[in-house]
Every structure is written in structure tokens, then in C-alpha cells.
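So this block is query36.txt, compact mmCIF, C-alpha atoms and all ligand atoms:
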# COMPACT_ATOMS: atom_id res chain seq x y z
CA MET A 1462 13.74 -2.02 18.18
CA ARG A 1463 13.95 -5.18 16.13
CA ARG A 1464 11.56 -6.81 18.60
CA GLY A 1465 9.36 -3.72 18.29
CA LEU A 1466 9.16 -4.28 14.53
CA GLU A 1467 8.20 -7.93 15.10
CA LEU A 1468 5.44 -6.76 17.43
CA ALA A 1469 4.30 -4.14 14.91
CA ALA A 1470 3.84 -6.90 12.35
CA LEU A 1471 1.25 -8.54 14.64
CA GLY A 1472 -1.11 -5.63 13.93
CA PRO A 1473 -3.62 -5.75 11.07
CA ALA A 1474 -1.87 -5.28 7.71
CA VAL A 1475 -4.71 -3.22 6.24
CA GLY A 1476 -6.84 -0.44 7.69
CA ASP A 1477 -6.66 3.21 8.66
CA HIS A 1478 -3.74 2.99 11.06
CA ALA A 1479 0.03 2.61 11.21
CA ARG A 1480 1.41 -0.72 12.39
CA VAL A 1481 3.53 0.11 15.43
CA GLY A 1482 5.26 -1.96 18.12
CA ALA A 1483 6.69 -0.97 21.51
CA VAL A 1484 8.87 -2.49 24.21
CA ILE A 1485 9.21 -1.07 27.76
CA LEU A 1486 12.60 -1.62 29.39
CA SER A 1487 13.61 -1.13 33.01
CA PRO A 1488 16.62 1.18 33.68
CA ASP A 1489 18.86 -1.93 33.68
CA GLY A 1490 17.50 -3.19 30.35
CA GLU A 1491 15.04 -5.82 31.52
CA VAL A 1492 11.94 -6.18 29.30
CA LEU A 1493 8.96 -5.08 31.38
CA ALA A 1494 6.25 -5.30 28.70
CA GLU A 1495 5.52 -5.40 25.00
CA GLY A 1496 2.69 -3.85 23.05
CA TRP A 1497 1.45 -3.22 19.54
CA HIS A 1498 -1.30 -1.33 17.78
CA LYS A 1499 -4.28 -3.52 16.96
CA GLY A 1500 -6.11 -1.16 14.63
CA ALA A 1501 -7.89 2.18 14.37
CA GLY A 1502 -9.57 3.29 17.61
CA THR A 1503 -7.53 0.94 19.84
CA PRO A 1504 -4.65 2.04 22.13
CA HIS A 1505 -1.39 2.94 20.44
CA ALA A 1506 1.52 0.53 20.91
CA GLU A 1507 3.31 2.39 23.71
CA VAL A 1508 0.07 2.85 25.68
CA ASP A 1509 -0.81 -0.83 25.12
CA ALA A 1510 2.61 -1.82 26.50
CA MET A 1511 2.51 0.57 29.48
CA ALA A 1512 -0.90 -0.75 30.52
CA LYS A 1513 0.75 -4.12 31.23
CA VAL A 1514 3.28 -2.71 33.73
CA ASP A 1515 2.95 -1.75 37.40
CA PRO A 1516 2.85 2.10 37.16
CA ALA A 1517 5.57 2.37 39.80
CA LEU A 1518 8.00 0.54 37.50
CA LEU A 1519 7.40 2.97 34.64
CA ARG A 1520 9.17 5.86 36.42
CA GLY A 1521 12.58 6.22 34.73
CA ALA A 1522 11.91 3.31 32.35
CA THR A 1523 12.75 3.33 28.62
CA ALA A 1524 10.07 3.08 25.94
CA VAL A 1525 11.29 1.71 22.59
CA VAL A 1526 8.75 2.50 19.86
CA THR A 1527 8.92 1.93 16.09
CA LEU A 1528 7.20 5.27 15.28
CA GLU A 1529 7.61 8.67 16.99
CA PRO A 1530 4.99 8.88 19.75
CA CYS A 1531 2.05 10.93 18.54
CA ASN A 1532 1.19 14.39 19.79
CA HIS A 1533 -2.48 14.69 18.92
CA VAL A 1534 -5.85 13.79 20.34
CA GLY A 1535 -7.42 11.47 17.79
CA ARG A 1536 -9.54 8.52 18.72
CA THR A 1537 -7.01 8.01 21.55
CA GLY A 1538 -5.09 10.63 23.60
CA PRO A 1539 -1.58 11.87 22.70
CA CYS A 1540 0.98 9.20 23.47
CA ALA A 1541 3.64 11.81 24.28
CA VAL A 1542 1.48 12.98 27.21
CA ALA A 1543 0.81 9.41 28.35
CA LEU A 1544 4.58 8.75 28.40
CA LEU A 1545 5.23 11.99 30.32
CA ASP A 1546 2.45 11.29 32.82
CA ALA A 1547 3.85 7.81 33.43
CA GLY A 1548 7.31 9.25 34.22
CA ILE A 1549 9.12 7.45 31.38
CA GLY A 1550 12.75 8.62 31.41
CA ARG A 1551 13.89 7.77 27.87
CA VAL A 1552 12.11 7.25 24.56
CA VAL A 1553 13.88 5.50 21.67
CA TYR A 1554 12.10 5.49 18.32
CA ALA A 1555 12.79 4.60 14.68
CA VAL A 1556 10.85 6.89 12.30
CA ASP A 1557 9.51 10.44 12.67
CA ASP A 1558 5.73 10.70 12.43
CA PRO A 1559 5.09 12.65 9.20
CA GLY A 1560 1.49 13.53 10.04
CA ASP A 1561 0.52 17.21 10.18
CA GLN A 1562 -1.34 16.68 13.42
CA ALA A 1563 0.52 13.80 15.00
CA HIS A 1564 4.15 14.94 14.65
CA GLY A 1565 5.90 16.89 17.38
CA GLY A 1566 5.71 14.12 19.97
CA ALA A 1567 9.50 14.01 20.30
CA ASP A 1568 9.71 17.77 20.94
CA ARG A 1569 6.98 17.57 23.53
CA LEU A 1570 8.79 14.74 25.31
CA ARG A 1571 12.10 16.65 25.25
CA ALA A 1572 10.36 19.74 26.61
CA GLY A 1573 9.08 17.55 29.45
CA GLY A 1574 12.61 16.43 30.33
CA VAL A 1575 12.59 13.03 28.65
CA GLU A 1576 15.74 11.85 26.86
CA VAL A 1577 14.74 11.15 23.23
CA VAL A 1578 16.77 8.96 20.84
CA PRO A 1579 15.37 9.05 17.26
CA GLY A 1580 16.37 7.08 14.15
CA VAL A 1581 17.21 3.66 15.62
CA LEU A 1582 16.80 1.02 12.84
CA ALA A 1583 15.20 3.81 10.82
CA ASP A 1584 15.76 2.12 7.42
CA GLU A 1585 14.09 -1.11 8.50
CA ALA A 1586 11.16 0.70 10.08
CA GLU A 1587 10.82 2.95 7.02
CA ALA A 1588 10.64 -0.11 4.75
CA PHE A 1589 8.16 -1.83 7.04
CA LEU A 1590 5.88 1.23 7.16
CA GLU A 1591 6.43 2.43 3.58
CA ARG A 1592 2.81 2.27 2.44
CA TRP A 1593 1.50 4.16 5.46
CA LEU A 1594 4.35 6.69 5.39
CA THR A 1595 3.84 7.30 1.66
CA SER A 1596 0.13 7.88 2.12
CA VAL A 1597 0.65 10.40 4.93
CA ARG A 1598 3.61 12.21 3.30
CA LEU A 1599 2.05 12.50 -0.16
CA ASP A 1600 -1.60 12.71 0.90
CA ARG A 1601 -2.44 9.90 -1.49
CA PRO A 1602 -2.48 6.13 -1.03
CA TRP A 1603 0.44 3.89 -1.96
CA VAL A 1604 -0.30 2.71 -5.51
CA THR A 1605 0.49 -0.81 -6.71
CA VAL A 1606 -0.31 -1.41 -10.39
CA LYS A 1607 -0.84 -4.99 -11.49
CA TRP A 1608 -1.37 -6.48 -14.87
CA ALA A 1609 -1.27 -9.96 -16.33
CA SER A 1610 0.05 -10.21 -19.84
CA SER A 1611 1.37 -12.55 -22.46
CA LEU A 1612 5.13 -12.63 -22.95
CA ASP A 1613 4.63 -10.21 -25.81
CA GLY A 1614 2.96 -7.73 -23.46
CA ARG A 1615 -0.70 -8.17 -24.42
CA ALA A 1616 -3.35 -7.95 -21.69
CA ALA A 1617 -6.20 -9.34 -23.79
CA ALA A 1618 -6.86 -11.14 -27.07
CA ALA A 1619 -8.02 -9.16 -30.09
CA ASP A 1620 -11.70 -9.64 -29.12
CA GLY A 1621 -11.05 -8.18 -25.64
CA THR A 1622 -11.19 -11.48 -23.73
CA SER A 1623 -8.52 -11.75 -21.03
CA ARG A 1624 -9.70 -14.72 -18.94
CA TRP A 1625 -7.45 -16.32 -18.19
CA ILE A 1626 -4.04 -15.30 -19.37
CA THR A 1627 -2.26 -16.64 -16.30
CA GLY A 1628 -2.67 -19.91 -14.39
CA ALA A 1629 -4.19 -20.74 -11.02
CA ALA A 1630 -1.07 -20.02 -8.90
CA ALA A 1631 -0.67 -16.51 -10.35
CA ARG A 1632 -4.37 -15.77 -9.92
CA GLN A 1633 -4.25 -16.93 -6.29
CA HIS A 1634 -1.29 -14.64 -5.72
CA VAL A 1635 -3.35 -11.76 -7.12
CA HIS A 1636 -6.14 -12.50 -4.65
CA GLU A 1637 -3.67 -12.41 -1.76
CA GLN A 1638 -2.41 -9.05 -3.01
CA ARG A 1639 -5.97 -7.73 -3.17
CA ALA A 1640 -6.44 -8.72 0.49
CA ALA A 1641 -3.18 -6.98 1.42
CA HIS A 1642 -4.34 -3.58 0.08
CA ASP A 1643 -7.03 -1.27 1.44
CA ALA A 1644 -8.71 -0.76 -1.94
CA ILE A 1645 -8.83 -2.27 -5.42
CA LEU A 1646 -9.29 0.13 -8.32
CA VAL A 1647 -10.33 -0.29 -11.98
CA GLY A 1648 -11.69 1.99 -14.68
CA THR A 1649 -15.22 1.79 -16.02
CA GLY A 1650 -13.84 0.03 -19.14
CA THR A 1651 -12.90 -3.06 -17.11
CA VAL A 1652 -16.25 -3.13 -15.29
CA LEU A 1653 -18.15 -2.93 -18.57
CA ALA A 1654 -15.93 -5.49 -20.36
CA ASP A 1655 -15.43 -8.10 -17.63
CA ASP A 1656 -18.05 -7.49 -14.89
CA PRO A 1657 -15.44 -8.33 -12.19
CA SER A 1658 -16.48 -8.81 -8.55
CA LEU A 1659 -13.20 -7.21 -7.28
CA THR A 1660 -13.26 -9.40 -4.17
CA ALA A 1661 -10.31 -11.23 -2.58
CA ARG A 1662 -10.98 -14.96 -2.73
CA GLY A 1663 -9.29 -18.21 -1.71
CA ASP A 1664 -8.57 -21.37 -3.73
CA ALA A 1665 -12.16 -22.59 -3.51
CA GLY A 1666 -13.66 -19.21 -4.34
CA GLU A 1667 -14.41 -18.37 -0.69
CA LEU A 1668 -14.08 -14.75 0.44
CA LEU A 1669 -10.86 -13.99 2.33
CA ALA A 1670 -11.12 -12.26 5.72
CA ASP A 1671 -9.65 -8.96 4.49
CA GLN A 1672 -11.62 -7.40 1.64
CA PRO A 1673 -10.38 -4.29 -0.19
CA LEU A 1674 -12.81 -1.48 -0.83
CA ALA A 1675 -13.94 -1.65 -4.49
CA VAL A 1676 -13.28 1.54 -6.47
CA VAL A 1677 -14.35 2.33 -10.03
CA LEU A 1678 -12.94 5.37 -11.81
CA GLY A 1679 -14.62 7.12 -14.74
CA ASP A 1680 -17.78 8.79 -15.99
CA ARG A 1681 -19.81 5.95 -17.43
CA PRO A 1682 -22.27 4.57 -14.89
CA VAL A 1683 -21.67 1.21 -13.25
CA PRO A 1684 -24.67 -0.94 -14.30
CA ASP A 1685 -27.23 -1.69 -11.60
CA ASP A 1686 -26.65 -5.42 -11.98
CA ALA A 1687 -22.81 -5.22 -12.03
CA ALA A 1688 -21.16 -7.79 -9.74
CA VAL A 1689 -19.10 -5.06 -8.08
CA ARG A 1690 -22.32 -3.55 -6.69
CA ARG A 1691 -22.58 -6.63 -4.44
CA HIS A 1692 -19.05 -6.17 -3.07
CA PRO A 1693 -18.88 -7.06 0.67
CA ARG A 1694 -16.83 -3.94 1.55
CA GLY A 1695 -18.95 -1.68 -0.64
CA LEU A 1696 -18.31 0.27 -3.83
CA VAL A 1697 -16.88 3.76 -4.25
CA THR A 1698 -17.40 5.34 -7.69
CA LEU A 1699 -15.18 8.28 -8.59
CA PRO A 1700 -16.42 10.12 -11.70
CA GLY A 1701 -14.02 12.12 -13.84
CA HIS A 1702 -10.44 11.49 -14.90
CA ASP A 1703 -8.50 13.52 -12.31
CA LEU A 1704 -6.25 10.86 -10.82
CA VAL A 1705 -4.73 13.03 -8.10
CA ALA A 1706 -8.17 14.11 -6.89
CA ALA A 1707 -9.41 10.52 -7.03
CA LEU A 1708 -6.50 9.22 -4.96
CA ARG A 1709 -6.90 12.04 -2.47
CA ALA A 1710 -10.60 11.22 -2.18
CA LEU A 1711 -9.65 7.67 -1.25
CA ARG A 1712 -7.59 8.97 1.68
CA GLY A 1713 -10.90 10.36 2.92
CA HIS A 1714 -12.14 6.77 2.99
CA GLY A 1715 -9.20 5.74 5.22
CA VAL A 1716 -7.37 4.10 2.29
CA HIS A 1717 -3.57 3.91 2.61
CA SER A 1718 -2.88 1.46 -0.24
CA VAL A 1719 -4.55 0.83 -3.61
CA PHE A 1720 -4.20 -2.20 -5.85
CA VAL A 1721 -4.87 -1.10 -9.43
CA GLU A 1722 -6.05 -3.88 -11.70
CA GLY A 1723 -6.46 -1.88 -14.83
CA GLY A 1724 -7.31 -1.86 -17.43
CA PRO A 1725 -4.68 -0.50 -19.75
CA THR A 1726 -6.20 2.99 -19.97
CA VAL A 1727 -6.26 3.71 -16.25
CA ALA A 1728 -2.96 1.92 -15.60
CA SER A 1729 -1.25 3.92 -18.36
CA ALA A 1730 -2.67 7.19 -17.06
CA LEU A 1731 -1.29 6.45 -13.59
CA VAL A 1732 2.13 5.54 -14.99
CA ALA A 1733 2.22 8.65 -17.19
CA ALA A 1734 1.32 10.81 -14.18
CA GLY A 1735 4.14 9.30 -12.09
CA LEU A 1736 1.68 8.01 -9.50
CA VAL A 1737 2.84 4.37 -9.32
CA ASP A 1738 4.89 3.11 -6.38
CA GLU A 1739 5.16 -0.55 -7.35
CA TYR A 1740 4.43 -2.83 -10.31
CA LEU A 1741 3.35 -6.46 -10.14
CA VAL A 1742 3.54 -7.90 -13.64
CA TYR A 1743 2.36 -11.48 -14.13
CA LEU A 1744 3.83 -12.83 -17.36
CA ALA A 1745 2.29 -15.91 -18.96
CA PRO A 1746 4.20 -18.08 -21.45
CA VAL A 1747 1.72 -17.39 -24.24
CA LEU A 1748 1.76 -15.04 -27.21
CA LEU A 1749 -1.32 -13.05 -28.15
CA GLY A 1750 -0.06 -10.44 -30.60
CA GLY A 1751 -2.50 -7.80 -31.73
CA PRO A 1752 -3.43 -4.37 -30.45
CA ARG A 1753 -4.37 -5.04 -26.79
CA THR A 1754 -1.11 -4.05 -25.11
CA ALA A 1755 -0.85 -4.07 -21.30
CA LEU A 1756 -0.10 -0.34 -21.37
CA ASP A 1757 -0.89 2.17 -24.06
CA ASP A 1758 0.60 5.60 -24.64
CA LEU A 1759 2.80 6.79 -21.80
CA GLY A 1760 4.00 9.92 -23.56
CA VAL A 1761 7.36 8.29 -24.28
CA GLY A 1762 8.26 9.69 -27.67
CA SER A 1763 11.90 8.73 -27.64
CA MET A 1764 14.30 6.55 -25.66
CA PRO A 1765 15.60 9.31 -23.35
CA ASP A 1766 12.04 9.59 -22.04
CA ARG A 1767 11.69 5.90 -21.26
CA ARG A 1768 10.33 4.96 -17.86
CA ARG A 1769 13.06 3.14 -16.03
CA LEU A 1770 12.23 0.57 -13.39
CA HIS A 1771 14.32 -1.54 -11.07
CA VAL A 1772 13.36 -5.13 -10.45
CA LEU A 1773 12.95 -6.15 -6.81
CA SER A 1774 12.23 -9.81 -7.47
CA THR A 1775 11.21 -12.38 -10.04
CA THR A 1776 9.15 -15.34 -8.85
CA SER A 1777 7.88 -18.42 -10.66
CA LEU A 1778 4.19 -19.08 -10.05
CA GLY A 1779 3.40 -22.37 -11.78
CA PRO A 1780 4.08 -21.75 -15.48
CA ASP A 1781 3.97 -17.96 -15.04
CA LEU A 1782 6.51 -15.40 -13.89
CA LEU A 1783 5.86 -12.54 -11.46
CA VAL A 1784 8.09 -9.49 -11.86
CA ARG A 1785 7.99 -7.06 -8.96
CA ALA A 1786 9.44 -3.69 -9.89
CA ARG A 1787 9.53 -0.07 -8.78
CA PRO A 1788 10.19 3.21 -10.52
CA HIS A 1789 13.88 3.89 -10.84
CA HIS A 1790 14.60 7.31 -9.42
CA ALA A 1791 17.86 8.46 -10.98
CA ALA A 1792 19.81 11.20 -9.25
CA PRO A 1793 19.12 14.64 -10.77
CA GLY A 1794 21.22 15.16 -13.88
CA HIS A 1795 22.19 11.49 -13.95
CA ASP A 1796 20.72 9.18 -16.53
CA GLY A 1797 21.08 6.17 -14.26
CA PRO A 1798 21.29 2.54 -15.31
CA THR A 1799 18.90 1.38 -17.99
CA ASN A 1800 17.86 -1.63 -15.96
CA ASP A 1801 17.90 -3.77 -19.07
CA ARG A 1802 18.85 -6.57 -16.69
CA SER A 1803 18.11 -10.16 -17.36
CA THR A 1804 16.47 -12.22 -14.66
CA THR A 1805 18.16 -15.31 -13.35
N1 LIG A 1901 -4.85 -8.53 -18.26
C1 LIG A 1901 -5.17 -7.72 -17.28
O1 LIG A 1901 -4.46 -7.69 -16.26
C2 LIG A 1901 -6.39 -6.86 -17.39
C3 LIG A 1901 -6.84 -6.16 -16.26
C4 LIG A 1901 -7.96 -5.34 -16.41
C5 LIG A 1901 -8.58 -5.24 -17.66
N2 LIG A 1901 -8.13 -5.94 -18.71
C6 LIG A 1901 -8.78 -5.82 -20.02
O2 LIG A 1901 -8.75 -4.44 -20.40
C7 LIG A 1901 -9.87 -4.14 -21.20
C8 LIG A 1901 -10.52 -2.85 -20.70
O3 LIG A 1901 -9.58 -1.80 -20.93
P1 LIG A 1901 -9.83 -0.28 -20.62
O4 LIG A 1901 -8.52 0.40 -20.85
O5 LIG A 1901 -11.04 0.21 -21.33
O6 LIG A 1901 -10.21 -0.33 -19.07
P2 LIG A 1901 -10.04 0.68 -17.86
O7 LIG A 1901 -8.70 1.30 -17.85
O8 LIG A 1901 -10.46 -0.10 -16.67
O9 LIG A 1901 -11.15 1.79 -18.12
C9 LIG A 1901 -10.91 2.85 -18.98
C10 LIG A 1901 -11.91 3.94 -18.69
O10 LIG A 1901 -11.68 4.51 -17.41
C11 LIG A 1901 -12.16 5.86 -17.39
N3 LIG A 1901 -11.11 6.70 -16.83
C12 LIG A 1901 -11.03 7.08 -15.54
N4 LIG A 1901 -9.96 7.84 -15.30
C13 LIG A 1901 -9.31 7.96 -16.48
C14 LIG A 1901 -8.13 8.63 -16.88
N5 LIG A 1901 -7.39 9.36 -16.01
N6 LIG A 1901 -7.73 8.53 -18.16
C15 LIG A 1901 -8.46 7.81 -19.03
N7 LIG A 1901 -9.60 7.15 -18.71
C16 LIG A 1901 -10.03 7.22 -17.43
C17 LIG A 1901 -12.58 6.16 -18.81
O11 LIG A 1901 -13.97 5.89 -18.89
P3 LIG A 1901 -15.18 6.94 -18.81
O12 LIG A 1901 -15.47 7.35 -20.21
O13 LIG A 1901 -16.29 6.15 -18.22
O14 LIG A 1901 -14.76 8.08 -17.95
C18 LIG A 1901 -11.86 5.11 -19.63
O15 LIG A 1901 -12.48 4.80 -20.84
C19 LIG A 1901 -10.76 -5.36 -21.16
O16 LIG A 1901 -10.57 -6.08 -22.37
C20 LIG A 1901 -10.24 -6.15 -19.99
O17 LIG A 1901 -10.49 -7.54 -20.16
C21 LIG A 1901 -7.05 -6.74 -18.61

Rendering of file as C-alpha cells:
Amino acid sequence: MRRGLELAALGPAVGDHARVGAVILSPDGEVLAEGWHKGAGTPHAEVDAMAKVDPALLRGATAVVTLEPCNHVGRTGPCAVALLDAGIGRVVYAVDDPGDQAHGGADRLRAGGVEVVPGVLADEAEAFLERWLTSVRLDRPWVTVKWASSLDGRAAAADGTSRWITGAAARQHVHEQRAAHDAILVGTGTVLADDPSLTARGDAGELLADQPLAVVLGDRPVPDDAAVRRHPRGLVTLPGHDLVAALRALRGHGVHSVFVEGGPTVASALVAAGLVDEYLVYLAPVLLGGPRTALDDLGVGSMPDRRRLHVLSTTSLGPDLLVRARPHHAAPGHDGPTNDRSTT
């Protein structure tokens, strides 16, 4: 299974598909073939692996797969049927497929007489697939919210200028994060204030291979000459302020992960609605003071209502500091730690 996860990681990190790996073993444990999913519309990992083996050797073999074999006819046929047809004797997998249409592969295999072993290295596979699993389970993309701020938590100077709060290393890291998400989202306020291109670029300003879809949220029109209208992946505008509907609409565009780059109004609305899965906060060693805070009202009237986070990592990027954090989900009825932890 650990090898399966390595193979899964060879698949494209973004796109409308789960990254899945598979290993076919002979009855005495010899590796017969390996496979992985190379993107939407291509064979699933177990089918990719089986195609590399003499069909006679598949009878009674074991298929080790990082995700429960699917049970639906999408762009490819159901993998459960392909495994049954091949005469596979045992299927070992890590995580159940949460999809409405795709789940049920394990039951179908069992009904066909195949021994099924679920849950092997489930925690590792769950962590590896967390964005995709979140998007399928919640019917909304994984949401990463990023902001860059001064140490005193300001995202812009008093006149609204925010270029550049952080240095080159932090900004390059942001571009890599853009490329690692399916979409990048801002509100109309940021488009009108900054005219951002919302592309993922390298050190020399060149476009990176993976470009997120550009998404602008809000009612005011995006100007005809806005840079984002020339985005290489295209622009999706989502009028209105209904965040749940907007995120669901992005699933219709095949988006499993969104990188939210603000500004403060949209970021705060997402936080207040409990729709954030991860925070990337780039802190610059400058002080700006003034009214332009990175987040505005979150509906926290008093300390018991504070939004608790837990810090996954702190990383130095040149003179700046990146704090990666996630919502802290306390057990029901338990206040949980305050997470007022210092970073070392
Ligand atoms: N430091 C950073 O990391 C960073 C990042 C981005 C921006 N900024 C700075 O932030 C400033 C712009 O701030 P901003 O807050 O106006 O930008 P914003 O959050 O990008 O846009 C706010 C607008 O989004 C629309 N909107 C869509 N859904 C909404 C919802 N659920 N709730 C409320 N509004 C919603 C509204 O416009 P409609 O009336 O059109 O519907 C609202 O006025 C600029 O100074 C920019 O430089 C800083």
C-alpha cells in the first residue's frame, strides 16, 4: 500500500480526478505490475496496472489499491467489474470511495466472491487524498485561504496599496500554491483595487505549467480590460454573495481545491461561514498600523467565540514567516486548547 501511495503521487496533482495508485501481486506476493491514474478520462490505477500483466497471471492475484475500486460507468468502465472479469482473488484497499455514484465497489467485489480487505494504511491515504475526499464528501472544493500581512495583521497600507508586503521568496511560494490548486478565487474588491492577473508564475515571471482557473466573486462587473480577463485557464465570474452556492458551482467546473487570495471581505466571510480548511498566512516583519486588517468582522463578540486554529508548521521564507494552520475542531462540549502556542 505504501508503494501504491508513491505511485498515486505520480499522477497530476490538480484536475478533476483522484490520485490513485495500484500494485498487482501474485498469490505468493511477487509484484506483477504497478499502475496509477494519470488524469480524468484515462484508465483508473488498477486497470492501468492490470493492462501490464499477462491475463493468465491475474487469476487469483491480489490487487492493492489506495482507493476503493469504483462501481460506476464514468469516462471509464467500473473497476470492480474489470477486477471481477480478470479473476482477481483478493482486493486490498485503503480508503472507501465517498462518491454517490462510485461507491459500492467493495460490495460488488464481495458479491462476486472476491476477498476484500479495506482500511490498510487508511490514515496515510486519507491525508494524501484529503482535498479530493473533502470535495466529494462535502460537495464543495477544499478551501485554502491565504493572506500576506504585516506583523500587526494589516493586509494593506492606509491608502489600500498592498504591493508588496512580503519578499520574493514568500511571493514565489504563493505562486507554487496557486499552481497546486484547481482554482484561485478573489472578490470584486481585489480585482478593482489591484487588477491582479491571478496566474501562477515562476521566478522570471513565466507562466507555470499548471494554471488555476481564475474565479471572481461578487456583483460588480469585472472591467473589460481587467488583466484577469486574459487568464490562460479562463475566468469564471460568480455574482452574488452566497458562498456555499458559489463553491458548489465550482464543483461543476471540476474544481476540487480553491486558493482564496482575498481580499479581507471575502476571506472573512468564508471564515465566518466555517468554510475554510487551511490557512496560509505570510507574515512580513513590517508594521503598517491603520484600518486595513487582514480579516474584518468574524462575528466574534467575545473570547468564548474565538476561532481556534492549530498550527501545522511555521517556515521562514527569506525575511518573512509562513504559518500554516487549520481550524481546531474541539470535541463537543470541550473547549479545547487555546492554541496560544509560540512558534520555535
Ligand atoms: N495582503 C493580501 O494578502 C491581500 C490580498 C488580496 C487583497 N488585498 C487588498 O484588499 C483590498 C480589497 O479588499 P476587499 O475586501 O474589498 O476585497 P475582496 O474581498 O476581494 O472583495 C470584496 C467584495 O467581494 C464581493 N463579495 C462576494 N461575496 C461576498 C460575500 N459573501 N460577502 C461580502 N462580499 C462579497 C463584494 O462585492 P460586490 O459588491 O461586487 O458584490 C465585496 O465588496 C485591496 O486593498 C487589496 O490590495 C490584500

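The spacing separating CA of Val1542 in chain A from CA of His1564 in chain A amounts to 13.0 Å.
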
Which centre and which edge lengths, in Å to one decimal, describe the axis-aligned box that holds all listed atoms of ligand LIG 1901 (chain A) after 6 Å is added on each side, as JSON?
{"center_x": -10.4, "center_y": 0.4, "center_z": -18.8, "size_x": 23.8, "size_y": 29.9, "size_z": 19.1}

inquiry  = Please determine, counting only C-alpha atoms and all ligand atoms, which residue among A:Trp1608, A:Tyr1743, A:Phe1720, A:Trp1593 has the shortest atom-to-atom distance to ligand LIG 1901 (chain A).
reply    = A:Trp1608

Neighbours of ligand LIG 1901 (chain A) at 6 Å or closer, counting all atoms listed in the file: which residues, as a PDB file with C-alpha atoms, keeping the file's coordinate frame?
ATOM      1  CA  TRP A1608      -1.370  -6.480 -14.870  1.00  0.00           C
ATOM      2  CA  ALA A1609      -1.270  -9.960 -16.330  1.00  0.00           C
ATOM      3  CA  SER A1610       0.050 -10.210 -19.840  1.00  0.00           C
ATOM      4  CA  ALA A1616      -3.350  -7.950 -21.690  1.00  0.00           C
ATOM      5  CA  ALA A1617      -6.200  -9.340 -23.790  1.00  0.00           C
ATOM      6  CA  GLY A1621     -11.050  -8.180 -25.640  1.00  0.00           C
ATOM      7  CA  THR A1622     -11.190 -11.480 -23.730  1.00  0.00           C
ATOM      8  CA  SER A1623      -8.520 -11.750 -21.030  1.00  0.00           C
ATOM      9  CA  VAL A1647     -10.330  -0.290 -11.980  1.00  0.00           C
ATOM     10  CA  GLY A1648     -11.690   1.990 -14.680  1.00  0.00           C
ATOM     11  CA  THR A1649     -15.220   1.790 -16.020  1.00  0.00           C
ATOM     12  CA  GLY A1650     -13.840   0.030 -19.140  1.00  0.00           C
ATOM     13  CA  THR A1651     -12.900  -3.060 -17.110  1.00  0.00           C
ATOM     14  CA  ALA A1654     -15.930  -5.490 -20.360  1.00  0.00           C
ATOM     15  CA  ASP A1655     -15.430  -8.100 -17.630  1.00  0.00           C
ATOM     16  CA  LEU A1678     -12.940   5.370 -11.810  1.00  0.00           C
ATOM     17  CA  GLY A1679     -14.620   7.120 -14.740  1.00  0.00           C
ATOM     18  CA  ASP A1680     -17.780   8.790 -15.990  1.00  0.00           C
ATOM     19  CA  ARG A1681     -19.810   5.950 -17.430  1.00  0.00           C
ATOM     20  CA  GLY A1701     -14.020  12.120 -13.840  1.00  0.00           C
ATOM     21  CA  HIS A1702     -10.440  11.490 -14.900  1.00  0.00           C
ATOM     22  CA  ASP A1703      -8.500  13.520 -12.310  1.00  0.00           C
ATOM     23  CA  LEU A1704      -6.250  10.860 -10.820  1.00  0.00           C
ATOM     24  CA  GLU A1722      -6.050  -3.880 -11.700  1.00  0.00           C
ATOM     25  CA  GLY A1723      -6.460  -1.880 -14.830  1.00  0.00           C
ATOM     26  CA  GLY A1724      -7.310  -1.860 -17.430  1.00  0.00           C
ATOM     27  CA  PRO A1725      -4.680  -0.500 -19.750  1.00  0.00           C
ATOM     28  CA  THR A1726      -6.200   2.990 -19.970  1.00  0.00           C
ATOM     29  CA  VAL A1727      -6.260   3.710 -16.250  1.00  0.00           C
ATOM     30  CA  ALA A1730      -2.670   7.190 -17.060  1.00  0.00           C
TER      31      ALA A1730
END

Which polymer residues have any atom within 9 Å of an atom of Ala1501 in chain A, counting all atoms listed in the file, with same-chain residues fewer than 4 positions away left out, as an mmCIF file with C-alpha atoms, keeping the file's coordinate frame?
data_model
loop_
_atom_site.group_PDB
_atom_site.id
_atom_site.type_symbol
_atom_site.label_atom_id
_atom_site.label_comp_id
_atom_site.auth_asym_id
_atom_site.auth_seq_id
_atom_site.Cartn_x
_atom_site.Cartn_y
_atom_site.Cartn_z
ATOM 1 C CA GLY A 1476 -6.840 -0.440 7.690
ATOM 2 C CA ASP A 1477 -6.660 3.210 8.660
ATOM 3 C CA HIS A 1478 -3.740 2.990 11.060
ATOM 4 C CA ALA A 1479 0.030 2.610 11.210
ATOM 5 C CA HIS A 1505 -1.390 2.940 20.440
ATOM 6 C CA ARG A 1536 -9.540 8.520 18.720
#

Option closest in space to Ala1688 in chain A, from A:Thr1523, A:Thr1605, A:Gln1633, A:Thr1660 [counting only C-alpha atoms] =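 Under the stated criterion, the closest residue is A:Thr1660.
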
inquiry  = Set the distance at 10 Å and use all atoms listed in the file: which residues neighbour Ala1517 in chain A once local chain neighbours fewer than 5 positions away are removed? I'd like the list as a PyMOL selection string.
reply    = chain A and resi 1522+1547-1548

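Across the structure, CA of Leu1749 in chain A and CA of Arg1768 in chain A are spaced 23.8 Å apart.
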
ask   = So which one's closest to Pro1579 in chain A, A:Val1526, A:Ala1640, A:Val1597, A:Ala1483? Using only C-alpha atoms, please.
value =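 Answer, going by the shortest atom-to-atom distance: A:Val1526.
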
message = So that I can see what lies close to Leu1759 in chain A, please list as a list in words the residues with an atom at most 9 Å from it, counting all atoms listed in the file and leaving out residues fewer than 5 positions away in the same chain.
response = Ser1729, Ala1730, Val1732, Ala1733, Ala1734, Arg1767 and Arg1768 of chain A
